[in-house]
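Here the structure comes first, spelled out in structure tokens, and everything after it is commentary.
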Amino acid sequence: MRRLLKAVLVLAMVMALTACGGGSNEEKEPTKAPTSAVPKETGTPTPTEAPSVPEGSVFERISSAIKQSFSKGSVTVVFHASGNNGDEEREYVEKDKIVVEKDAYLLFSDVTYSDASKTQQYARIKKDGGVYGETWWDSKMNYKVLPISDDDAKYMYGCVNALCTPDGNFLREFTQLIAYVIPDWPKEWIPEKRLPELLAAYSSDTVLAEVLGYQRTADGKDTFSIPSMLLGNMVGSLSGNSNGFYGFMGTGFWELFTYAEKLNLEVSYEDDRIGYIRLVFSLPDNRTAEATFTVSDVGSTEISIPNGLKQFEEIGNNYAGRTDARRILAYDRLWSEDYLAGRIDADWSAFEEFWNFLVAALKDPDFNKTVYDAMNVTELEIVYMEGESFAKTGVEALDALLREKYNKKFEITSASYHPAILTIWLVKENGGVEPYYNYSVHVTE
């Protein structure tokens with residue numbers, strides 16, 4: 001769930017920057033129509049019409065367009081993130097759909113990762129509960145259906161309902177959700193009633209241009225070029241107000257803002273709604289990172305439940321009182337509590353200590369050859385469950401060294417890390433043995 005919340009948090013931060021403002025546009029300029037293309041064939045050319053863009057200050061335009069994007073009861077939002085860290089390209093695509101029903105919201109999320117693996121999630125949420133379904137592929141298609149806990153439903157319903165209701169306050173509802181997930185989140189980080197006051201100074205396009213590099217392009221887009229100093233101040237404010245939020249979003253997320261030389265933000269419009277919101281980070285050493293939210297199928301989005309989720313409708317109508325509810329937000333809060341107490345870092349440090357010991361041992365040429373000769377397979381897989389001794393590789397020389405020099409067990413202190421599984425592979429390659437690992441934890445339901 002944290003991956004989905006992170007994506008929504010990025011959007012919420014964009015909305016906080018752009019969608020809560022007010023005041024007049026003191027130096028409003030007319031929107032310029034793009035130059036019409038001249039057709040190659042003879043005839044009367046059809047003039048290109050200027051895009052229909054909401055009027056008002058830049059904040060009012062974006063706020064109005066976001067509200068219109070969700071006002072017709074159904075919408076598709078695609079979150080596409082990509083980046084280059086100098087060595088490899090990474091990509092993440094998430095398609096989220098919302099469909100309004102009589103007394104519920106039907107949700108769908110489809111995620112594709114860089115390795116082409118895919119997961120799909122379905123949910124029907126009401127004020128007091130609902131149903132969750134998930135599909136994923138390993139060697140075959142897998143399905144899971146569970147009721148949604150009442151706490152999850154309450155916060156999720158509040159956020160979606162605020163999005164899809166013309167006078168709803170999404171930021172307020174989402175802040176309440178985050179406060180539930182992250183224990184040290186301030187109840188009033190920026191008091192809602194002070195937002196117009198805080199943003200009043202940015203009602204002038206001239207001020208926006210000087211401070212945030214704002215300009216309105218000829219084809220009606222609103223663009224910002226935010227310098228590194230302001231990004232650094234934002235990171236300091238957010239991380240200083242909540243260590244839990246800082247840990248929840250992760251080091252990689254904060255590095256984007258910490259080391260970015262500039263953040264370009266672009267908002268396009270389709271009629272009176274958002275077309276897309278794009279963030280492009282300029283990073284040192286020719287690294288790149290980009291995230292785009294694209295809005296489509298407004299008023300026409302549909303969601304089909306796959307045949308494999310046979311219990312989806314049944315549980316969706318009979319979720320009250322069940323004890324096997326999916327507690328997505330409760331798990332996230334448990335993780336946050338572990339992080340704030342230092343247990344997450346302690347568990348990772350314990351793993352890294354073992355891993356560093358193993359890597360250092362295999363760097364010794366003589367010992368590496370001993371392990372190589374003792375292995376009767378090209379690839380040896382060792383799976384550690386919680387409480388098991390690390391000295392269980394099956395290679396006697398390595399087990400003897402582990403018993404003598406590293407007599408410890410694979411133990412986890414974090415409540416959210418149960419059950420945890422550590423898998424080590426010893427692989428014969430390049431004339432020696434190379435170690436690899438996968439450290440996985442399972443969501444506590």
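Naming works like this for the structure tokens: A, B, ... for the chains as they're shown, residue 1 at the start of each chain, ligands 1 onward in shown order.
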Spatial neighbours of region 115-126 of chain A, max dist 7 Å, only C-alpha atoms, sep filter under 2 positions, as a PyMOL selection string: chain A and resi 103-113+128-137+153+157+316
A:Gly73, A:Pro227, A:Pro183, A:Gly247 ranked by distance to Thr165 (chain A), top pick (using only C-alpha atoms): A:Gly73
Choose the residue, out of A:Ile62, A:Arg333, A:Glu89, A:Gly168, that has the smallest atom-to-atom separation from Arg287 (chain A); count only C-alpha atoms. A:Glu89
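With distances restricted to only C-alpha atoms, A:Arg327 is the closest residue to Met156 (chain A) from A:Ser268, A:Arg327, A:Ile303, A:Ile182.
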How many Å lie between CA of Ala397 (chain A) and CA of Ser440 (chain A), rounded to one decimal? 26.9 Å
